[in-house]
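Asks: Below you'll find the structure I mean.
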Amino acid sequence: MSGSGGSADFAIVLSPRRVVMYVDGLNLYYGLREAGWRRYYWLDLRRMSQSLLRGDQSLAAVRYFTAKFAPNPADPDRHTRQDAYLQALDTLPCLSIHYGYHLPTTRVCPRCGASIPSYEEKMTDVNIAVALLNDAQDNLFDTAIVISADSDRSGPISAVRSRYANKPILVAFPPKGVSKELRRVASGSFHIGRDALRRNQLPDPVMKPDGYAIAKPQRWS
């Protein structure tokens with residue numbers, strides 16, 4: 001309160017800008033694998049997302065987009081390792097998991113021409129696009145950060161930016177990942193550094209509310 005002239009001085013308090021994180025799960029996984037950083041697979045996405053924010057920002061939500069691996073004779077435990085991680089993520093507050101699926105297909109070996117059984121991820125593109133557009137329309141974020149190096153994300157990012165010019169969308173590239181197209185359409189971009197991964201690992205084990213312990217897969221040590 002001012003002591004002169006009977007006038008009052010009011011402090012203007014600005015609310016932190018809300019950030020929603022959109023994580024392209026398999027793109028992040030393959031980036032870590034290409035970098036040889038298997039030890040960081042047990043990643044606490046909520047803590048890492050928080051570490052990427054500025055002081056005037058607050059984390060409103062983390063949306064994780066993935067598809068479950070099918071059993072694979074070449075790596076028979078891959079789907080169980082992924083399932084352990086998904087269960088661990090499911091214990092984190094403010095984090096939701098959005099599932100696509102893998103469609104069986106075949107690819108041709110460029111060396112011998114043989115047909116090799118494979119899988120193609122489906123629905124992640126659509127799920128990320130719908131979530132971005134819906135969240136922008138519902139005014140659930142002031143800034144969005146998309147963790148991906150997949151240029152397929154450029155369409156929804158461009159659409160949201162053109163419709164909601166006051167809502168910046170940044171792209172955080174996983175290790176070994178980059179996309180000129182995403183850089184072109186986004187409000188800004190940066191790489192996720194090794195320290196952000198190393199410092200934000202889940203505990204081992206992760207305890208579920210019912211007391212069940214989820215252990216980090218030994219292969220990820």
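Each chain in the structure tokens gets a letter, A, B and so on, in the order shown; residues start at 1 in every chain, and ligands are counted from 1 in the order they appear.
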Give me the residues within 10 Å of A:Tyr101 as a PyMOL selection string, counting only C-alpha atoms and dropping any in the same chain fewer than 5 places off.
Replies: chain A and resi 66-70+119-124
Asks: Just C-alpha atoms for this one: save the residues we selected as a PDB file, in the first residue's frame.
Replies:
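File written: out-v8.pdb
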ATOM      1  CA  THR A  66       4.175 -45.749 -28.302  1.00  0.00           C
ATOM      2  CA  ALA A  67       3.209 -49.162 -29.629  1.00  0.00           C
ATOM      3  CA  LYS A  68       3.824 -52.446 -27.856  1.00  0.00           C
ATOM      4  CA  PHE A  69       6.409 -54.750 -29.354  1.00  0.00           C
ATOM      5  CA  ALA A  70       5.274 -58.204 -30.411  1.00  0.00           C
ATOM      6  CA  TYR A 119       6.573 -54.819 -38.117  1.00  0.00           C
ATOM      7  CA  GLU A 120       5.387 -51.315 -38.981  1.00  0.00           C
ATOM      8  CA  GLU A 121       4.250 -48.901 -36.308  1.00  0.00           C
ATOM      9  CA  LYS A 122       0.741 -47.556 -36.828  1.00  0.00           C
ATOM     10  CA  MET A 123      -1.425 -44.824 -35.270  1.00  0.00           C
ATOM     11  CA  THR A 124       1.325 -42.897 -33.456  1.00  0.00           C
TER      12      THR A 124
END
Asks: When DSSP works through the backbone of this structure, what residues of stretch 50-166 of chain A end up as alpha helix (DSSP H), shown as JSON, numbers by chain?
Replies: {"A": [50, 51, 78, 79, 80, 81, 82, 83, 84, 85, 86, 87, 88, 89, 124, 125, 126, 127, 128, 129, 130, 131, 132, 133, 134, 135, 136, 137, 154, 155, 156, 157, 158, 159, 160, 161, 162, 163]}
Asks: If you take only C-alpha atoms and a cut-off of 8 Å, which residues of stretch 120-203 of chain A touch stretch 50-65 of chain A, and what are their nearest atom pairs and distances in Å to one decimal, in chain and number order, as CSV?
Replies:
residue,atom,partner,partner_atom,distance
A:Thr124,CA,A:Phe65,CA,6.2
A:Asn127,CA,A:Phe65,CA,7.4
A:Ile128,CA,A:Phe65,CA,7.2
A:Leu140,CA,A:Ala60,CA,7.9
A:Phe141,CA,A:Ala60,CA,7.3
A:Ala196,CA,A:Ser51,CA,7.0
Asks: Please report the interatomic distance between atom CA of A:Leu95 and atom CA of A:Arg46 in Å with one decimal.
Replies: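 Result for atom CA of A:Leu95 versus atom CA of A:Arg46: 7.0 Å, one decimal.
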Asks: Could you pull the residues within 9 Å of A:Val206, counting only C-alpha atoms, minus those fewer than 2 positions along the same chain, as a list in words?
Replies: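 My list of contacting residues is Ala88, Thr91, Leu202, Pro203, Asp204, Lys208, Tyr212, Ala213, Ile214, Ala215 and Lys216 of chain A.
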Asks: Once you have the residues from the selection above, write them out as a compact mmCIF listing (two decimals), in the first residue's frame, restricted to all heavy atoms.
Replies:
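Result file selection.txt:
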# COMPACT_ATOMS: atom_id res chain seq x y z
N ALA A 88 6.26 -48.99 -15.21
CA ALA A 88 6.94 -47.98 -14.39
C ALA A 88 6.45 -46.58 -14.73
O ALA A 88 6.17 -45.77 -13.84
CB ALA A 88 8.45 -48.09 -14.59
N THR A 91 3.16 -45.28 -13.23
CA THR A 91 3.09 -44.83 -11.84
C THR A 91 3.35 -43.33 -11.71
O THR A 91 3.15 -42.76 -10.63
CB THR A 91 4.15 -45.56 -10.97
OG1 THR A 91 5.48 -45.17 -11.37
CG2 THR A 91 4.01 -47.08 -11.11
N LEU A 202 14.66 -43.40 -13.53
CA LEU A 202 13.72 -43.92 -12.55
C LEU A 202 14.47 -44.67 -11.46
O LEU A 202 15.56 -45.19 -11.68
CB LEU A 202 12.73 -44.88 -13.23
CG LEU A 202 11.73 -44.27 -14.20
CD1 LEU A 202 11.14 -45.33 -15.11
CD2 LEU A 202 10.63 -43.54 -13.43
N PRO A 203 13.88 -44.76 -10.26
CA PRO A 203 14.51 -45.60 -9.23
C PRO A 203 14.44 -47.07 -9.63
O PRO A 203 13.62 -47.46 -10.46
CB PRO A 203 13.66 -45.31 -7.98
CG PRO A 203 12.35 -44.83 -8.50
CD PRO A 203 12.65 -44.11 -9.79
N ASP A 204 15.30 -47.86 -9.06
CA ASP A 204 15.30 -49.30 -9.31
C ASP A 204 15.29 -50.03 -7.97
O ASP A 204 16.27 -50.00 -7.24
CB ASP A 204 16.54 -49.70 -10.11
CG ASP A 204 16.55 -51.17 -10.50
OD1 ASP A 204 15.47 -51.81 -10.43
OD2 ASP A 204 17.63 -51.68 -10.85
N LYS A 208 4.95 -49.83 -7.21
CA LYS A 208 3.57 -49.50 -7.53
C LYS A 208 2.78 -49.25 -6.25
O LYS A 208 3.21 -49.66 -5.16
CB LYS A 208 2.95 -50.66 -8.33
CG LYS A 208 3.60 -50.89 -9.68
CD LYS A 208 2.93 -52.01 -10.45
CE LYS A 208 1.54 -51.62 -10.93
NZ LYS A 208 0.95 -52.66 -11.81
N TYR A 212 3.85 -53.68 -5.38
CA TYR A 212 4.59 -54.50 -6.34
C TYR A 212 5.80 -53.73 -6.84
O TYR A 212 5.71 -52.54 -7.17
CB TYR A 212 3.67 -54.86 -7.50
CG TYR A 212 4.34 -55.70 -8.58
CD1 TYR A 212 4.57 -57.06 -8.38
CD2 TYR A 212 4.75 -55.12 -9.78
CE1 TYR A 212 5.18 -57.82 -9.35
CE2 TYR A 212 5.37 -55.88 -10.76
CZ TYR A 212 5.58 -57.23 -10.54
OH TYR A 212 6.19 -57.98 -11.51
N ALA A 213 6.95 -54.40 -6.89
CA ALA A 213 8.20 -53.76 -7.31
C ALA A 213 8.47 -54.07 -8.77
O ALA A 213 8.47 -55.24 -9.19
CB ALA A 213 9.35 -54.25 -6.44
N ILE A 214 8.73 -53.02 -9.56
CA ILE A 214 9.06 -53.17 -10.98
C ILE A 214 10.55 -52.94 -11.14
O ILE A 214 11.05 -51.82 -10.96
CB ILE A 214 8.28 -52.16 -11.85
CG1 ILE A 214 6.79 -52.21 -11.53
CG2 ILE A 214 8.52 -52.44 -13.32
CD1 ILE A 214 6.02 -51.03 -12.09
N ALA A 215 11.28 -53.99 -11.47
CA ALA A 215 12.74 -53.90 -11.56
C ALA A 215 13.17 -53.43 -12.95
O ALA A 215 12.55 -53.78 -13.95
CB ALA A 215 13.37 -55.25 -11.24
N LYS A 216 14.23 -52.66 -12.97
CA LYS A 216 14.84 -52.28 -14.24
C LYS A 216 15.40 -53.51 -14.93
O LYS A 216 16.07 -54.33 -14.29
CB LYS A 216 15.96 -51.27 -13.98
CG LYS A 216 16.74 -50.83 -15.21
CD LYS A 216 17.85 -49.86 -14.82
CE LYS A 216 18.68 -49.43 -16.02
NZ LYS A 216 19.74 -48.46 -15.62
Asks: Give me, as a ChimeraX atom specification, all polymer residues having an atom no more than 12 Å from A:Asn139, counting only C-alpha atoms and skipping those fewer than 2 positions away in the same chain.
Replies: /A:17-20,60,131-137,141-144,160,164,166-167
Asks: Which neighbours of A:Ala129 fall inside 8 Å, counting only C-alpha atoms, when residues of the same chain fewer than 3 positions from it are skipped, and could you give them as a list of chain:residue names?
Replies: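 Result of the neighbour search: A:Asp125, A:Val126, A:Leu132, A:Leu133, A:Arg153, A:Pro156, A:Ile157.
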Asks: Please, what distance in Å, to one decimal, runs between atom CA of A:Lys176 and atom CA of A:Ala84?
Replies: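 A separation of 25.0 Å between them.
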Asks: Counting only C-alpha atoms, figure out which residue out of A:Met48, A:Asp83, A:Pro168, A:Gly100 gets nearest to A:Arg194.
Replies: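 Using only C-alpha atoms, A:Arg194 sits closest to A:Met48.
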Asks: With distances taken over only C-alpha atoms, which residue among A:Arg184, A:Gln82, A:Trp220, A:Leu32 lies nearest A:Ile169?
Replies: A:Arg184
